[in-house]
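Asks: Below you'll find data.txt; it's compact mmCIF, C-alpha atoms (C1' of nucleotides).
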# COMPACT_ATOMS: atom_id res chain seq x y z
CA MET A 1 7.81 2.82 25.53
CA LYS A 2 10.80 0.58 25.34
CA THR A 3 14.05 0.25 27.18
CA SER A 4 17.19 -1.02 25.60
CA CYS A 5 18.49 -4.35 26.83
CA ARG A 6 21.06 -2.44 28.82
CA PHE A 7 18.98 -2.08 31.95
CA ALA A 8 18.12 -5.77 32.04
CA MET A 9 21.73 -6.69 31.40
CA ALA A 10 22.96 -4.32 34.09
CA VAL A 11 20.62 -5.80 36.68
CA HIS A 12 21.77 -9.24 35.68
CA VAL A 13 25.43 -8.35 35.93
CA LEU A 14 25.06 -6.62 39.29
CA THR A 15 23.16 -9.55 40.69
CA VAL A 16 25.93 -11.90 39.69
CA LEU A 17 28.47 -9.59 41.31
CA ALA A 18 26.38 -9.50 44.45
CA TYR A 19 26.47 -13.27 44.63
CA LYS A 20 30.23 -13.22 44.25
CA GLU A 21 30.47 -11.23 47.46
CA GLY A 22 33.31 -8.92 46.55
CA ASP A 23 35.38 -11.27 44.41
CA ARG A 24 36.71 -9.73 41.23
CA VAL A 25 34.87 -11.08 38.20
CA PRO A 26 36.27 -10.60 34.68
CA SER A 27 34.03 -9.38 31.90
CA SER A 28 34.43 -12.67 30.07
CA GLN A 29 32.76 -14.52 32.93
CA LEU A 30 29.93 -12.01 33.21
CA ALA A 31 29.46 -12.25 29.47
CA GLY A 32 29.17 -15.99 29.88
CA SER A 33 26.36 -15.62 32.35
CA VAL A 34 24.42 -13.11 30.28
CA ASN A 35 25.38 -15.02 27.15
CA THR A 36 26.76 -12.12 25.20
CA ASN A 37 30.07 -10.66 24.11
CA PRO A 38 32.60 -9.44 26.72
CA VAL A 39 32.83 -6.09 24.96
CA ILE A 40 29.13 -5.48 25.50
CA ILE A 41 29.66 -6.11 29.20
CA ARG A 42 32.69 -3.84 29.36
CA ARG A 43 30.80 -0.99 27.76
CA LEU A 44 28.07 -1.51 30.32
CA LEU A 45 30.59 -1.63 33.16
CA LEU A 46 31.98 1.72 32.08
CA ASP A 47 28.59 3.28 32.83
CA LEU A 48 28.32 1.42 36.11
CA GLN A 49 31.79 2.60 37.07
CA ALA A 50 30.90 6.20 36.32
CA ALA A 51 27.89 5.82 38.62
CA ARG A 52 30.15 4.41 41.35
CA LEU A 53 28.24 1.17 41.45
CA VAL A 54 31.16 -1.09 40.59
CA GLU A 55 34.93 -0.95 40.80
CA THR A 56 37.03 -2.38 38.02
CA THR A 57 40.71 -3.19 37.92
CA LYS A 58 42.95 -4.20 35.05
CA GLY A 59 45.48 -6.94 34.67
CA ALA A 60 45.80 -10.59 35.53
CA GLY A 61 43.29 -11.82 38.08
CA ALA A 62 41.43 -8.54 37.84
CA GLY A 63 37.81 -7.72 37.06
CA SER A 64 34.85 -5.96 38.64
CA ARG A 65 33.07 -6.03 41.98
CA LEU A 66 30.35 -4.05 43.67
CA SER A 67 31.55 -0.89 45.32
CA ARG A 68 28.78 -0.97 47.93
CA ALA A 69 26.70 -3.48 49.82
CA PRO A 70 23.77 -4.84 47.75
CA SER A 71 21.35 -3.35 50.25
CA ARG A 72 22.63 0.10 49.39
CA ILE A 73 22.17 -0.18 45.64
CA HIS A 74 18.67 0.44 44.35
CA LEU A 75 17.46 -0.02 40.82
CA ALA A 76 16.76 3.65 40.18
CA GLU A 77 20.49 4.24 40.29
CA VAL A 78 21.07 1.41 37.88
CA TYR A 79 18.43 2.77 35.57
CA GLU A 80 19.97 6.22 35.59
CA ALA A 81 23.45 4.84 35.09
CA VAL A 82 22.83 2.80 31.97
CA GLU A 83 19.68 4.07 30.32
CA ALA A 84 19.48 6.72 27.62
CA LYS A 85 19.48 10.26 28.82
CA ILE A 86 16.52 11.33 26.70
CA PRO A 87 13.65 9.16 27.86
CA PHE A 88 10.79 10.26 25.68
CA ALA A 89 11.32 10.78 21.99
CA LYS A 90 10.16 14.03 20.59
CA PRO A 91 9.25 14.29 16.92
CA THR A 92 12.22 15.03 14.71
CA ARG A 93 10.37 17.58 12.68
CA LYS A 94 9.35 20.88 14.09
CA PRO A 95 5.64 21.41 14.48
CA ASN A 96 3.88 23.66 12.02
CA GLU A 97 4.58 27.30 12.77
CA HIS A 98 1.07 28.35 11.94
CA CYS A 99 -0.60 25.92 14.32
CA PRO A 100 -1.19 27.50 17.72
CA VAL A 101 -1.26 24.14 19.46
CA GLY A 102 1.99 22.96 17.90
CA GLN A 103 3.84 25.96 19.26
CA CYS A 104 3.71 24.97 22.90
CA MET A 105 3.32 21.22 22.46
CA ARG A 106 6.95 20.52 23.15
CA GLU A 107 6.86 22.41 26.39
CA VAL A 108 3.72 20.68 27.60
CA LEU A 109 5.03 17.26 26.63
CA GLU A 110 8.25 17.99 28.43
CA LYS A 111 6.37 18.47 31.69
CA ILE A 112 4.41 15.27 31.22
CA PHE A 113 7.47 13.21 30.37
CA THR A 114 9.48 14.55 33.26
CA SER A 115 6.73 13.72 35.71
CA ALA A 116 6.17 10.25 34.28
CA GLU A 117 9.84 9.38 34.38
CA ALA A 118 10.08 10.58 37.96
CA ALA A 119 7.22 8.26 38.89
CA LEU A 120 9.02 5.40 37.21
CA LYS A 121 12.23 6.10 39.10
CA ARG A 122 10.39 6.33 42.39
CA ASP A 123 9.07 2.86 41.78
CA LEU A 124 12.49 1.47 40.90
CA GLN A 125 13.88 3.04 44.03
CA LYS A 126 11.84 0.63 46.10
CA THR A 127 13.89 -2.34 44.92
CA THR A 128 17.44 -2.80 46.15
CA LEU A 129 19.91 -5.34 44.88
CA ALA A 130 19.56 -7.12 48.20
CA SER A 131 15.79 -7.43 48.00
CA LEU A 132 16.18 -8.59 44.44
CA MET A 133 18.49 -11.36 45.63
CA THR A 134 15.91 -12.67 48.05
CA ASP A 135 13.44 -12.73 45.18
CA VAL A 136 15.91 -14.74 43.14
CA GLN A 137 16.31 -17.18 45.97
CA ALA A 138 12.58 -17.53 46.37
CA ILE A 139 12.12 -18.30 42.71
CA CYS A 140 14.98 -20.59 41.84
CA GLY A 141 16.41 -21.37 45.23
CA CYS A 142 19.96 -20.36 44.40
CA HIS A 143 22.07 -18.59 46.95
CA GLY A 144 25.71 -18.14 47.95
CA LYS A 145 28.62 -17.87 45.55
CA SER A 146 28.51 -19.13 41.98
CA MET B 1 14.14 4.24 28.21
CA LYS B 2 12.73 5.79 25.14
CA THR B 3 9.30 6.16 23.66
CA SER B 4 8.63 6.32 19.98
CA CYS B 5 7.32 9.60 18.64
CA ARG B 6 3.89 8.03 18.51
CA PHE B 7 2.89 9.04 22.00
CA ALA B 8 3.93 12.62 21.49
CA MET B 9 2.16 12.70 18.14
CA ALA B 10 -0.98 11.18 19.59
CA VAL B 11 -1.14 13.76 22.35
CA HIS B 12 -0.62 16.49 19.79
CA VAL B 13 -3.36 15.16 17.52
CA LEU B 14 -5.84 14.69 20.34
CA THR B 15 -5.18 18.18 21.61
CA VAL B 16 -5.90 19.62 18.21
CA LEU B 17 -9.12 17.62 18.03
CA ALA B 18 -10.08 18.87 21.48
CA TYR B 19 -9.70 22.43 20.29
CA LYS B 20 -11.90 21.69 17.29
CA GLU B 21 -14.71 20.86 19.66
CA GLY B 22 -16.27 17.98 17.77
CA ASP B 23 -15.68 19.15 14.24
CA ARG B 24 -14.43 16.47 11.89
CA VAL B 25 -10.80 17.02 11.02
CA PRO B 26 -9.17 15.22 8.08
CA SER B 27 -5.83 13.50 8.47
CA SER B 28 -4.24 15.91 6.03
CA GLN B 29 -5.00 18.82 8.34
CA LEU B 30 -3.72 17.01 11.42
CA ALA B 31 -0.60 16.09 9.47
CA GLY B 32 -0.15 19.75 8.69
CA SER B 33 -0.19 20.64 12.36
CA VAL B 34 2.24 17.92 13.38
CA ASN B 35 4.19 18.56 10.19
CA THR B 36 4.30 15.00 8.97
CA ASN B 37 2.70 12.76 6.37
CA PRO B 38 -1.07 12.09 6.43
CA VAL B 39 -0.44 8.35 6.30
CA ILE B 40 1.49 8.51 9.55
CA ILE B 41 -1.47 10.24 11.14
CA ARG B 42 -3.94 7.71 9.76
CA ARG B 43 -1.93 4.83 11.15
CA LEU B 44 -1.95 6.57 14.50
CA LEU B 45 -5.68 7.21 14.27
CA LEU B 46 -6.30 3.52 13.72
CA ASP B 47 -4.86 2.84 17.15
CA LEU B 48 -6.83 5.67 18.70
CA GLN B 49 -10.00 4.35 17.08
CA ALA B 50 -9.40 0.89 18.47
CA ALA B 51 -9.07 2.44 21.92
CA ARG B 52 -12.37 4.31 21.40
CA LEU B 53 -10.70 7.66 21.82
CA VAL B 54 -11.63 9.04 18.42
CA GLU B 55 -14.29 8.40 15.81
CA THR B 56 -13.39 8.53 12.16
CA THR B 57 -15.65 8.71 9.13
CA LYS B 58 -14.88 8.39 5.46
CA GLY B 59 -15.91 10.43 2.49
CA ALA B 60 -16.15 14.05 1.57
CA GLY B 61 -16.14 16.41 4.54
CA ALA B 62 -15.24 13.55 6.81
CA GLY B 63 -12.40 13.08 9.27
CA SER B 64 -11.87 12.37 12.95
CA ARG B 65 -13.16 13.81 16.19
CA LEU B 66 -12.94 12.93 19.87
CA SER B 67 -15.45 10.33 20.96
CA ARG B 68 -15.55 11.69 24.53
CA ALA B 69 -15.19 14.97 26.34
CA PRO B 70 -11.55 16.02 26.85
CA SER B 71 -12.06 15.83 30.59
CA ARG B 72 -12.77 12.13 30.28
CA ILE B 73 -9.67 11.22 28.32
CA HIS B 74 -6.52 10.76 30.36
CA LEU B 75 -3.05 10.22 29.02
CA ALA B 76 -2.67 6.71 30.37
CA GLU B 77 -5.27 5.60 27.85
CA VAL B 78 -3.42 7.37 25.09
CA TYR B 79 -0.20 5.75 26.14
CA GLU B 80 -1.74 2.31 26.14
CA ALA B 81 -3.41 2.90 22.81
CA VAL B 82 -0.38 3.88 20.79
CA GLU B 83 2.71 2.68 22.57
CA ALA B 84 4.49 -0.60 22.03
CA LYS B 85 3.07 -3.50 23.92
CA ILE B 86 6.38 -4.69 25.30
CA PRO B 87 7.68 -1.82 27.39
CA PHE B 88 10.98 -3.14 28.63
CA ALA B 89 13.31 -4.88 26.25
CA LYS B 90 14.59 -8.22 27.33
CA PRO B 91 17.86 -9.54 25.94
CA THR B 92 17.42 -11.38 22.69
CA ARG B 93 19.68 -14.18 23.72
CA LYS B 94 18.77 -16.61 26.40
CA PRO B 95 20.88 -16.46 29.54
CA ASN B 96 23.49 -19.12 30.11
CA GLU B 97 21.92 -22.39 31.22
CA HIS B 98 24.69 -23.10 33.65
CA CYS B 99 24.39 -19.84 35.51
CA PRO B 100 22.01 -20.12 38.45
CA VAL B 101 21.27 -16.41 38.45
CA GLY B 102 20.49 -16.33 34.76
CA GLN B 103 17.82 -18.95 35.15
CA CYS B 104 15.34 -16.82 37.05
CA MET B 105 16.49 -13.43 35.86
CA ARG B 106 13.72 -13.09 33.33
CA GLU B 107 11.08 -13.77 35.91
CA VAL B 108 12.50 -11.30 38.39
CA LEU B 109 12.89 -8.63 35.74
CA GLU B 110 9.34 -9.20 34.62
CA LYS B 111 8.07 -8.30 38.08
CA ILE B 112 10.18 -5.17 38.23
CA PHE B 113 9.14 -4.02 34.78
CA THR B 114 5.47 -4.61 35.41
CA SER B 115 5.58 -2.60 38.60
CA ALA B 116 7.53 0.23 37.01
CA GLU B 117 5.20 0.49 34.06
CA ALA B 118 2.19 0.54 36.36
CA ALA B 119 3.73 3.45 38.25
CA LEU B 120 4.27 5.25 35.00
CA LYS B 121 0.67 4.75 33.93
CA ARG B 122 -0.63 5.92 37.28
CA ASP B 123 1.24 9.14 36.76
CA LEU B 124 -0.11 9.61 33.25
CA GLN B 125 -3.58 8.98 34.55
CA LYS B 126 -3.40 12.21 36.50
CA THR B 127 -3.39 14.27 33.32
CA THR B 128 -6.54 14.57 31.26
CA LEU B 129 -6.82 16.12 27.85
CA ALA B 130 -8.79 18.93 29.49
CA SER B 131 -6.13 19.74 32.07
CA LEU B 132 -3.56 19.59 29.30
CA MET B 133 -5.53 22.21 27.39
CA THR B 134 -5.42 24.61 30.30
CA ASP B 135 -1.66 24.10 30.41
CA VAL B 136 -1.48 24.92 26.74
CA GLN B 137 -3.46 28.08 27.31
CA ALA B 138 -1.26 29.10 30.19
CA ILE B 139 1.86 28.69 28.13
CA CYS B 140 0.99 30.10 24.75
CA GLY B 141 -2.31 31.75 25.43
CA CYS B 142 -4.21 30.03 22.65
CA HIS B 143 -7.75 28.88 23.20
CA GLY B 144 -10.94 28.19 21.28
CA LYS B 145 -11.11 26.79 17.78
CA SER B 146 -8.10 27.19 15.55
C1' DC C 1 62.22 -7.56 31.82
C1' DC C 2 58.94 -10.74 29.79
C1' DT C 3 54.67 -13.09 29.78
C1' DT C 4 49.98 -13.46 30.88
C1' DT C 5 45.59 -11.66 31.91
C1' DT C 6 42.22 -8.40 31.36
C1' DT C 7 40.44 -3.79 30.46
C1' DG C 8 39.43 0.25 27.28
C1' DT C 9 38.36 1.50 22.76
C1' DA C 10 38.00 1.92 17.82
C1' DA C 11 36.09 0.30 13.61
C1' DC C 12 33.36 -2.09 11.63
C1' DT C 13 28.76 -5.27 10.34
C1' DC C 14 24.12 -6.60 11.03
C1' DC C 15 19.41 -6.08 12.19
C1' DA C 16 14.86 -4.27 13.89
C1' DG C 17 11.78 -0.72 14.19
C1' DG C 18 10.07 3.76 13.23
C1' DT C 19 9.45 7.35 9.82
C1' DG C 20 8.36 8.92 5.51
C1' DT C 21 6.58 8.41 0.65
C1' DT C 22 3.83 6.95 -3.26
C1' DA C 23 0.04 4.63 -5.01
C1' DC C 24 -4.46 2.87 -5.21
C1' DA C 25 -8.91 0.66 -3.90
C1' DC C 26 -13.01 1.69 -1.36
C1' DA C 27 -16.47 4.43 1.12
C1' DG C 28 -19.50 8.24 1.60
C1' DA C 29 -21.44 12.90 0.56
C1' DT C 30 -23.53 16.06 -2.81
C1' DA D 1 -20.76 10.55 -11.39
C1' DT D 2 -17.55 13.17 -9.04
C1' DC D 3 -14.96 14.65 -5.37
C1' DT D 4 -13.02 13.99 -0.88
C1' DG D 5 -10.87 11.43 2.39
C1' DT D 6 -9.79 6.85 4.70
C1' DG D 7 -7.50 2.20 4.85
C1' DT D 8 -3.63 -0.20 3.42
C1' DA D 9 0.14 -2.13 0.92
C1' DA D 10 4.78 -1.72 -0.71
C1' DC D 11 8.45 0.39 -0.65
C1' DA D 12 13.07 3.37 0.66
C1' DC D 13 15.58 5.38 4.36
C1' DC D 14 17.62 6.27 8.69
C1' DT D 15 18.84 5.67 13.41
C1' DG D 16 20.33 3.11 17.33
C1' DG D 17 21.54 -1.05 19.60
C1' DA D 18 23.76 -5.46 19.52
C1' DG D 19 27.44 -8.06 18.21
C1' DT D 20 32.24 -8.95 16.47
C1' DT D 21 37.17 -8.48 15.68
C1' DA D 22 41.34 -6.37 16.66
C1' DC D 23 44.69 -4.11 19.25
C1' DA D 24 47.06 -0.89 22.60
C1' DA D 25 47.85 -0.29 27.43
C1' DA D 26 47.75 -1.56 32.28
C1' DA D 27 48.72 -4.61 36.12
C1' DA D 28 50.41 -8.93 38.30
C1' DG D 29 53.82 -12.58 38.78
C1' DG D 30 57.68 -14.80 37.81
Starting from the file, give its structure as C-alpha cells.
Replies:
Amino acid sequence: MKTSCRFAMAVHVLTVLAYKEGDRVPSSQLAGSVNTNPVIIRRLLLDLQAARLVETTKGAGAGSRLSRAPSRIHLAEVYEAVEAKIPFAKPTRKPNEHCPVGQCMREVLEKIFTSAEAALKRDLQKTTLASLMTDVQAICGCHGKS
Amino acid sequence: MKTSCRFAMAVHVLTVLAYKEGDRVPSSQLAGSVNTNPVIIRRLLLDLQAARLVETTKGAGAGSRLSRAPSRIHLAEVYEAVEAKIPFAKPTRKPNEHCPVGQCMREVLEKIFTSAEAALKRDLQKTTLASLMTDVQAICGCHGKS
DNA sequence: CCTTTTTGTAACTCCAGGTGTTACACAGAT
DNA sequence: ATCTGTGTAACACCTGGAGTTACAAAAAGG
C-alpha cells in the first residue's frame, strides 16, 4: 500500500495553520514551509475547504485558516478529505470468465478492502490536530506562533 | 491511499491454489485465471515463496501449491509479502529548514503511519484463506477443485 | 478607479512505479 | 534427449502525482 504525499502535506499544512492560531496564511507561505510550489498547496487547500477544515479568502492580506479548533479536527477527516477515493486497486483486466474463483473475487476483495480501510480510519480518528501539536512540542520543543 | 494490484492478485492466486488442494499449478494456469501474463504471476510467486506461503517446483508437471493449510494463512501475511515496504509516501523534498514545524514533521508522521498500518494489518489478520473460501462459496456457490 | 495581493485553474512537462511482453537460460521429470 | 515450466533480464507502455508557468478574477486599500 502507498499513500500519495497529499496526506502528509495536508497534515503539515494544517499543523502550521494551527500554530498560527487563526491568522490568515497565504499559500506561498505554506508552500515555503512544506518546500513545494504554491499551486500544489492551493490544490490541496481546495480539498480541505470542501471538507470544511479550512476557510480561504482571496485578495490582499488574505489566505487560509482553520475553520475549527485543532482539538476538533482528527486525522481521519484529513485522510478522507485529501486521499484518493478508491483505496485499493483492483486489477484492470477482468478475471477469466471460465474460472469459478475469478467470478466472485472482486466482490470478496471489496469486502476485505472496505473493512481494512475502516480499521485504518478508526486508528487515524484517535489523533486530533491538538494532540499532534503536543507531540510536535515534545519532539522539537516548538510552540506558539511561527 | 492506494494499493497496487499485487495484493488483489495474490489473494486471487492463493485462493485458486487453495481450491486445488495441494495440486501443483503452473504459472500459466494461474495467469489464465487472473487473466494476465505468466511472468507477472511468477514475479508475484517469488514474493509468496519468500514469505513461505507457497512452494514452487520446476520442471515438467511442476508448479506451485500452498505450503500450509488455508486456515493457517491470514491476509496480513499476504499483504506483508507482496505489498510495498513503504506504506505511506513522504514528500520527496525536505521541509524548509527555517520552519519549526517542518523540522519534526517527518518524525510525527512516522508515528502516525506506523500506528495506522498496524491497525490495517490487525484487520487483515482476521481473515484467513479458509474463511475467504467460505465467503466465495456463499457468493458464487463454487466449491471443490476447479 | 487603479494597484496590489492572492486565489482558482488550465495547460503543460517530468518522473517513478506498475503492468505487460518477449526472449532465453536453467532445472527437473519421463 | 526432450518437453515442460520456472527464474530473470530487457524492454515498451501507461497512469498518476508532482512540479511549473501563466493568467483571469476576486478582494482590499488607497
Asks: Using all atoms of stretch 16-23 of chain D listed in the file and a margin of 5 Å per side, can you give the axis-aligned box centre and edge lengths in Å to one decimal, as AutoDock Vina command-line options?
Replies:
--center_x 32.5 --center_y -2.9 --center_z 17.6 --size_x 34.4 --size_y 22.1 --size_z 13.9
Asks: Would you list which chain B residues are within 7 Å of chain C using all atoms listed in the file, as number ranges by chain?
Replies: B: 37, 58-60
Asks: For the atom pair atom C1' of D:DG17 and atom CA of A:Cys5, what is the interatomic distance in Å to one decimal place?
Replies: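 One can read the atom C1' of D:DG17 to atom CA of A:Cys5 distance as 8.5 Å.
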Asks: I'd like the neighbourhood of B:Glu21 as number ranges by chain, where a residue qualifies if any of its atoms comes within 10 Å (using only C-alpha atoms (C1' of nucleotides)), though same-chain residues fewer than 2 positions away should be ignored.
Replies: B: 16-19, 23-24, 65-66, 69-70, 144-145
Asks: Report the closest atom pair, with its distance in Å rounded to one decimal, for each residue of chain D that has an atom no farther than 9 Å from chain A; count all atoms listed in the file, sort by chain and then rising residue number, and write it as a Markdown table.
Replies:
| residue | atom | partner | partner_atom | distance |
| --- | --- | --- | --- | --- |
| D:DG17 | C1' | A:Ser4 | CA | 7.4 |
| D:DA18 | C1' | A:Ile40 | CA | 8.0 |
| D:DG19 | C1' | A:Asn37 | CA | 7.0 |
| D:DT20 | C1' | A:Asn37 | CA | 8.1 |
| D:DA26 | C1' | A:Lys58 | CA | 6.1 |
| D:DA27 | C1' | A:Gly59 | CA | 4.2 |
| D:DA28 | C1' | A:Ala60 | CA | 5.6 |
| D:DG29 | C1' | A:Ala60 | CA | 8.9 |
Asks: Which of these residues is nearest to B:Lys20, using all atoms listed in the file: A:Val101, A:Ile41, A:Leu109, A:Met1?
Replies: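 Of the candidates, the smallest distance to B:Lys20 is held by A:Val101.
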Asks: Measuring atom to atom with only C-alpha atoms, identify which of A:Gln137, A:Ser33, A:Gln125, A:Ser67 is nearest to chain B.
Replies: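 When distances to chain B are compared using only C-alpha atoms, the smallest one comes from A:Ser33.
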Asks: For a test of reading the model, state the distance in Å between atom CA of B:Lys111 and atom CA of B:Ala84, rounded to one decimal.
Replies: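 One can read the atom CA of B:Lys111 to atom CA of B:Ala84 distance as 18.2 Å.
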Asks: Considering only C-alpha atoms, can you say which of B:Thr114, B:Ser131, B:Gln103, B:Ser27 comes closest to chain A?
Replies: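 The closest residue to chain A is B:Gln103.
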Asks: Could you tell me how far atom C1' of D:DT15 sits from atom CA of A:Val78, in Å to one decimal place?
Replies: 24.9 Å
Asks: Can you work out which one of A:Thr128, A:Gln49, A:Ala10, A:Val34 has the shortest atom-to-atom distance to chain B, counting all atoms listed in the file?
Replies: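 The answer is A:Val34, which sits nearest to chain B.
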Asks: Find the residue from B:Thr134, B:Ser71, B:Ser115, B:Gln29 that sits nearest to chain A; use all atoms listed in the file when measuring.
Replies: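 Selected residue with least distance to chain A: B:Ser115.
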Asks: Around (-4.7, 8.8, 5.5) in the file's own coordinates, what residues are found within 10 Å if you use only C-alpha atoms (C1' of nucleotides), given back as a CSV table (one decimal) with C-alpha atoms (C1' of nucleotides), in the frame of the given file?
Replies:
chain,number,residue,atom,x,y,z
B,26,PRO,CA,-9.2,15.2,8.1
B,27,SER,CA,-5.8,13.5,8.5
B,28,SER,CA,-4.2,15.9,6.0
B,31,ALA,CA,-0.6,16.1,9.5
B,37,ASN,CA,2.7,12.8,6.4
B,38,PRO,CA,-1.1,12.1,6.4
B,39,VAL,CA,-0.4,8.4,6.3
B,40,ILE,CA,1.5,8.5,9.6
B,41,ILE,CA,-1.5,10.2,11.1
B,42,ARG,CA,-3.9,7.7,9.8
B,43,ARG,CA,-1.9,4.8,11.2
B,44,LEU,CA,-2.0,6.6,14.5
B,45,LEU,CA,-5.7,7.2,14.3
B,46,LEU,CA,-6.3,3.5,13.7
B,63,GLY,CA,-12.4,13.1,9.3
D,5,DG,C1',-10.9,11.4,2.4
D,6,DT,C1',-9.8,6.8,4.7
D,7,DG,C1',-7.5,2.2,4.8
D,8,DT,C1',-3.6,-0.2,3.4
